[in-house]
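Here is the file entry-v1.csv (CSV, C-alpha atoms).
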```csv
chain,number,residue,atom,x,y,z
A,1,MET,CA,-70.2,38.0,-10.8
A,2,ILE,CA,-68.0,37.6,-13.8
A,3,SER,CA,-65.0,35.4,-13.6
A,4,TYR,CA,-62.1,37.6,-14.7
A,5,VAL,CA,-59.6,34.7,-14.9
A,6,ARG,CA,-61.8,32.7,-17.3
A,7,ALA,CA,-62.9,35.7,-19.3
A,8,THR,CA,-59.3,37.0,-19.7
A,9,VAL,CA,-57.9,33.6,-20.8
A,10,GLU,CA,-60.8,33.0,-23.2
A,11,ALA,CA,-60.2,36.5,-24.8
A,12,LEU,CA,-56.5,35.7,-25.2
A,13,ILE,CA,-57.2,32.3,-26.8
A,14,ARG,CA,-59.7,33.8,-29.3
A,15,LYS,CA,-57.3,36.5,-30.3
A,16,LEU,CA,-54.5,34.1,-30.8
A,17,GLN,CA,-56.7,31.9,-33.0
A,18,VAL,CA,-57.4,34.9,-35.2
A,19,ASP,CA,-53.9,36.4,-35.4
A,20,VAL,CA,-51.5,33.5,-35.1
A,21,THR,CA,-53.1,30.1,-36.0
A,22,PRO,CA,-56.7,28.8,-35.7
A,23,ASN,CA,-55.2,25.6,-34.2
A,24,THR,CA,-54.7,27.3,-30.9
A,25,ALA,CA,-55.8,25.4,-27.8
A,26,LEU,CA,-55.6,25.8,-24.0
A,27,VAL,CA,-54.0,22.9,-22.1
A,28,PRO,CA,-54.2,22.7,-18.3
A,29,LEU,CA,-51.0,22.8,-16.3
A,30,ASN,CA,-49.4,19.4,-15.8
A,31,ASP,CA,-51.9,17.8,-18.2
A,32,TYR,CA,-51.1,15.5,-21.1
A,33,TYR,CA,-51.7,16.8,-24.6
A,34,GLU,CA,-51.8,15.4,-28.1
A,35,ILE,CA,-50.9,17.4,-31.2
A,36,LYS,CA,-53.6,16.5,-33.8
A,37,GLN,CA,-53.0,19.3,-36.4
A,38,VAL,CA,-50.0,21.4,-37.6
A,39,PRO,CA,-49.3,24.2,-37.5
A,40,SER,CA,-50.6,24.6,-33.9
A,41,LEU,CA,-50.1,26.6,-30.8
A,42,LEU,CA,-50.6,25.1,-27.3
A,43,VAL,CA,-51.1,27.5,-24.5
A,44,ILE,CA,-50.2,25.6,-21.3
A,45,GLY,CA,-51.4,27.0,-18.0
A,46,PRO,CA,-52.1,29.2,-16.3
A,47,LYS,CA,-49.7,29.1,-13.4
A,48,MET,CA,-51.1,31.6,-11.0
A,49,GLU,CA,-49.0,33.8,-8.6
A,50,GLU,CA,-50.4,36.6,-6.5
A,51,ASN,CA,-48.9,40.1,-6.9
A,52,ARG,CA,-48.5,40.8,-3.2
A,53,ALA,CA,-47.3,44.3,-3.8
A,54,LYS,CA,-50.9,45.2,-4.8
A,55,ARG,CA,-52.6,43.6,-1.8
A,56,ILE,CA,-54.8,46.2,-0.1
A,57,SER,CA,-56.5,45.8,3.3
A,58,GLU,CA,-58.9,48.7,3.0
A,59,LYS,CA,-62.5,48.5,1.8
A,60,ILE,CA,-64.1,49.6,-1.5
A,61,VAL,CA,-67.1,51.8,-0.6
A,62,GLU,CA,-69.6,53.1,-3.1
A,63,ILE,CA,-72.2,55.6,-2.0
A,64,ASP,CA,-75.6,56.1,-3.7
A,65,ARG,CA,-76.6,59.6,-2.5
A,66,GLY,CA,-80.0,59.4,-4.3
A,67,ALA,CA,-81.1,56.3,-2.4
A,68,LEU,CA,-79.0,57.1,0.7
A,69,THR,CA,-77.3,53.7,0.6
A,70,TYR,CA,-73.8,52.3,0.5
A,71,THR,CA,-72.1,49.2,-0.7
A,72,GLU,CA,-68.9,47.9,0.8
A,73,ARG,CA,-66.5,45.1,-0.1
A,74,ASN,CA,-62.9,44.0,0.1
A,75,TRP,CA,-60.4,44.9,-2.5
A,76,PRO,CA,-59.5,42.0,-4.8
A,77,ARG,CA,-56.4,40.0,-4.8
A,78,PHE,CA,-54.4,40.5,-8.1
A,79,TYR,CA,-52.8,37.4,-9.8
A,80,ASN,CA,-50.3,37.0,-12.6
A,81,LEU,CA,-51.2,34.2,-15.0
A,82,ASP,CA,-48.1,32.5,-16.6
A,83,PHE,CA,-48.4,30.4,-19.7
A,84,ASP,CA,-46.0,28.2,-21.6
A,85,PHE,CA,-46.5,28.6,-25.4
A,86,VAL,CA,-45.6,25.7,-27.6
A,87,LEU,CA,-45.5,26.2,-31.3
A,88,THR,CA,-45.5,23.1,-33.5
A,89,ALA,CA,-44.9,22.9,-37.2
A,90,ALA,CA,-44.1,20.2,-39.8
A,91,ASN,CA,-40.8,21.7,-40.8
A,92,GLY,CA,-38.2,24.3,-39.7
A,93,MET,CA,-39.2,27.0,-42.2
A,94,GLU,CA,-42.9,26.8,-41.2
A,95,LEU,CA,-41.9,27.0,-37.5
A,96,LEU,CA,-39.9,30.2,-38.2
A,97,ASP,CA,-42.9,31.8,-39.8
A,98,LEU,CA,-45.0,30.9,-36.7
A,99,GLN,CA,-42.4,32.3,-34.3
A,100,GLU,CA,-42.4,35.6,-36.2
A,101,SER,CA,-46.2,35.7,-36.1
A,102,LEU,CA,-46.3,35.1,-32.4
A,103,ILE,CA,-43.6,37.7,-31.7
A,104,ALA,CA,-45.5,40.2,-33.8
A,105,PHE,CA,-48.7,39.4,-31.9
A,106,PHE,CA,-47.2,40.5,-28.6
A,107,LEU,CA,-45.7,43.6,-30.2
A,108,ASP,CA,-49.1,44.5,-31.6
A,109,ASN,CA,-51.0,43.6,-28.4
A,110,ILE,CA,-49.7,45.0,-25.2
A,111,ALA,CA,-52.9,44.1,-23.4
A,112,VAL,CA,-55.7,41.6,-23.6
A,113,ALA,CA,-59.2,43.3,-23.6
A,114,VAL,CA,-62.1,41.7,-21.7
A,115,PRO,CA,-65.6,42.8,-22.7
A,116,VAL,CA,-67.9,43.8,-19.8
A,117,SER,CA,-71.3,45.3,-19.6
A,118,ALA,CA,-71.5,49.1,-19.6
A,119,GLY,CA,-72.2,50.6,-16.2
A,120,TRP,CA,-70.7,47.8,-14.1
A,121,GLY,CA,-69.5,48.5,-10.6
A,122,LEU,CA,-70.7,49.0,-7.0
A,123,GLY,CA,-73.5,51.0,-5.6
A,124,PRO,CA,-75.3,52.9,-8.3
A,125,PHE,CA,-73.6,50.8,-11.0
A,126,GLY,CA,-74.8,47.4,-9.8
A,127,ASP,CA,-73.1,44.5,-8.0
A,128,GLU,CA,-70.0,44.2,-10.1
A,129,PRO,CA,-66.7,45.8,-8.8
A,130,TRP,CA,-65.4,49.1,-9.9
A,131,GLY,CA,-68.0,51.5,-11.4
A,132,SER,CA,-67.1,52.2,-15.0
A,133,GLU,CA,-68.6,53.4,-18.2
A,134,ASN,CA,-66.0,51.5,-20.3
A,135,ILE,CA,-67.1,48.3,-22.1
A,136,PHE,CA,-63.6,46.7,-21.9
A,137,LEU,CA,-61.1,45.9,-19.2
A,138,GLU,CA,-57.5,45.6,-20.3
A,139,PHE,CA,-54.8,43.4,-18.6
A,140,TYR,CA,-51.2,43.8,-19.7
A,141,LEU,CA,-49.3,41.1,-21.5
A,142,ARG,CA,-45.6,40.5,-20.8
A,143,GLU,CA,-43.0,38.4,-22.5
A,144,MET,CA,-41.1,36.4,-19.9
A,145,ILE,CA,-39.1,34.1,-22.2
A,146,PRO,CA,-39.2,34.8,-25.9
A,147,ILE,CA,-40.6,32.0,-28.1
A,148,GLY,CA,-37.7,29.7,-28.9
A,149,GLY,CA,-35.9,30.5,-25.7
A,150,LEU,CA,-37.6,28.0,-23.4
A,151,GLU,CA,-36.2,24.5,-23.4
A,152,ARG,CA,-38.9,21.8,-23.3
A,153,PRO,CA,-38.6,18.1,-24.3
A,154,ASN,CA,-39.9,17.3,-27.8
A,155,PHE,CA,-41.0,13.6,-28.1
A,156,SER,CA,-42.4,14.0,-31.6
A,157,ASN,CA,-41.0,14.0,-35.0
A,158,LEU,CA,-42.3,17.6,-35.5
A,159,ARG,CA,-40.6,20.9,-35.1
A,160,GLN,CA,-41.3,22.9,-31.9
A,161,ALA,CA,-40.4,26.2,-30.2
A,162,SER,CA,-41.5,27.3,-26.7
A,163,GLY,CA,-41.7,30.5,-24.7
A,164,ARG,CA,-43.3,31.9,-21.6
A,165,TYR,CA,-45.8,34.8,-21.4
A,166,ARG,CA,-47.8,36.4,-18.7
A,167,ILE,CA,-51.1,38.2,-18.2
A,168,GLU,CA,-50.6,40.7,-15.3
A,169,ASP,CA,-52.8,41.6,-12.4
A,170,VAL,CA,-56.1,39.8,-13.0
A,171,PRO,CA,-58.4,40.5,-10.1
A,172,ILE,CA,-60.2,37.9,-8.0
A,173,PHE,CA,-62.9,39.1,-5.6
A,174,ASP,CA,-64.3,37.4,-2.6
A,175,HIS,CA,-68.1,37.0,-2.1
A,176,VAL,CA,-68.4,39.3,1.0
A,177,LEU,CA,-70.7,42.2,0.0
A,178,ASP,CA,-72.1,44.5,2.7
A,179,LYS,CA,-75.0,46.8,1.8
A,180,GLY,CA,-76.7,49.3,4.1
A,181,LYS,CA,-78.4,52.6,4.5
A,182,LEU,CA,-76.5,55.8,5.1
A,183,VAL,CA,-79.4,57.2,7.1
A,184,LEU,CA,-81.5,54.9,9.3
A,185,TYR,CA,-84.2,57.4,10.0
A,186,ARG,CA,-85.0,61.1,9.5
A,187,ASP,CA,-87.0,63.5,11.8
A,188,PHE,CA,-89.0,66.2,10.2
A,189,VAL,CA,-90.2,69.2,12.2
A,190,LEU,CA,-93.0,71.4,10.9
A,191,CYS,CA,-92.9,74.9,12.2
A,192,ASN,CA,-95.3,77.9,12.0
A,193,PHE,CA,-94.2,80.0,9.1
A,194,ARG,CA,-94.4,83.3,11.1
A,195,THR,CA,-93.5,82.3,14.6
A,196,ARG,CA,-91.2,79.4,13.8
A,197,VAL,CA,-92.9,77.5,16.6
A,198,PRO,CA,-92.8,73.7,16.1
A,199,VAL,CA,-96.2,72.4,15.1
A,200,GLU,CA,-95.6,68.8,14.4
A,201,THR,CA,-92.7,66.3,14.4
A,202,PHE,CA,-92.7,63.0,12.5
A,203,SER,CA,-90.1,60.4,11.5
A,204,ARG,CA,-89.6,58.8,8.1
```
Whole structure, structure tokens version:
Amino acid sequence: MISYVRATVEALIRKLQVDVTPNTALVPLNDYYEIKQVPSLLVIGPKMEENRAKRISEKIVEIDRGALTYTERNWPRFYNLDFDFVLTAANGMELLDLQESLIAFFLDNIAVAVPVSAGWGLGPFGDEPWGSENIFLEFYLREMIPIGGLERPNFSNLRQASGRYRIEDVPIFDHVLDKGKLVLYRDFVLCNFRTRVPVETFSR
């Protein structure tokens, strides 16, 4: 099963490397980092928090009527992924250009798209969740604190600006998958065409 957390974060980093600066790197939360090139963008996180309002206790059930089978699993938990963005530049003017590029990035991209295989889902679609014919999943991006509005200590002689951004409602599934038959057995009764008297009964 695909890891949606990893796939979503990787898609965001690749997009930032193209649209903002190629010197974009992911830094784990509470880890030390070293700025080797400027201009650069450090994406620190994610800090994960469950969206409890979307917790569902029911089951997802997909039915394959052709094969007379069903597949059942729990709904996923949905998590918000929070990141601190740290822009670093050699001087103040270069930093302003970077800030504008990053703000424009979030204005142009309201969601991050994650590629998936066509026909992914449950039951007749395979073992991945949510049957779909689309080749991309989209998770919304939200600006929590604009770039330049988050105060972080700067121990370098470079110019920095920080902000906080969020990827919303990334699903995480458990590994409980129940598959079974809709019909355990079928009885067939052959009758005389004219008299409708049963001639033979067999199961399949």
Selected residue, from A:Thr24, A:Asn109, A:Asn154, A:Asn80, that lies nearest to Lys36 of chain A when counting only C-alpha atoms
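Comparing A:Thr24, A:Asn109, A:Asn154, A:Asn80 against Lys36 of chain A, the winner is A:Thr24.
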Kindly provide the residues of segment 133-193 of chain A that approach segment 53-63 of chain A to within 10 Å, each paired with its closest atom pair and their distance in Å to one decimal, based on all atoms listed in the file, listed by chain and increasing number, as a Markdown table.
```
| residue | atom | partner | partner_atom | distance |
| --- | --- | --- | --- | --- |
| A:Asp169 | CA | A:Lys54 | CA | 8.6 |
| A:Asp178 | CA | A:Val61 | CA | 9.4 |
| A:Lys179 | CA | A:Glu62 | CA | 9.6 |
| A:Gly180 | CA | A:Ile63 | CA | 9.9 |
| A:Lys181 | CA | A:Ile63 | CA | 9.5 |
| A:Leu182 | CA | A:Ile63 | CA | 8.3 |
```
Go ahead and dump the residues you just picked, C-alpha atoms, as a PDB file, keeping the file's coordinate frame.
```pdb
ATOM      1  CA  ASP A 169     -52.800  41.600 -12.400  1.00  0.00           C
ATOM      2  CA  ASP A 178     -72.100  44.500   2.700  1.00  0.00           C
ATOM      3  CA  LYS A 179     -75.000  46.800   1.800  1.00  0.00           C
ATOM      4  CA  GLY A 180     -76.700  49.300   4.100  1.00  0.00           C
ATOM      5  CA  LYS A 181     -78.400  52.600   4.500  1.00  0.00           C
ATOM      6  CA  LEU A 182     -76.500  55.800   5.100  1.00  0.00           C
TER       7      LEU A 182
END
```
One-decimal distance in Å that lies between atom CA of Leu41 of chain A and atom CA of Glu138 of chain A:
22.9 Å
Pick from A:Val86, A:Phe105, A:Ile110, A:Glu94 nearest to Gly149 of chain A, counting all atoms listed in the file
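Closest residue, counting all atoms listed in the file: A:Val86.
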Have a look at atom CA of Ile13 of chain A and atom CA of Leu42 of chain A and let me know their distance in Å, one decimal.
9.8 Å
What's the separation between atom CA of Ala25 of chain A and atom CA of Ser40 of chain A, in Å to one decimal place?
8.1 Å
Which residues come within 10 Å of Asn51 of chain A, counting all atoms listed in the file, excluding same-chain residues fewer than 6 positions away, as a list in words?
Arg77, Phe78, Tyr79, Asn80, Glu168, Asp169 and Val170 of chain A
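The smallest atom-to-atom distance between Thr8 of chain A and any of A:Val20, A:Ala67, A:Ala111, A:Val176, using all atoms listed in the file, is found for A:Ala111.
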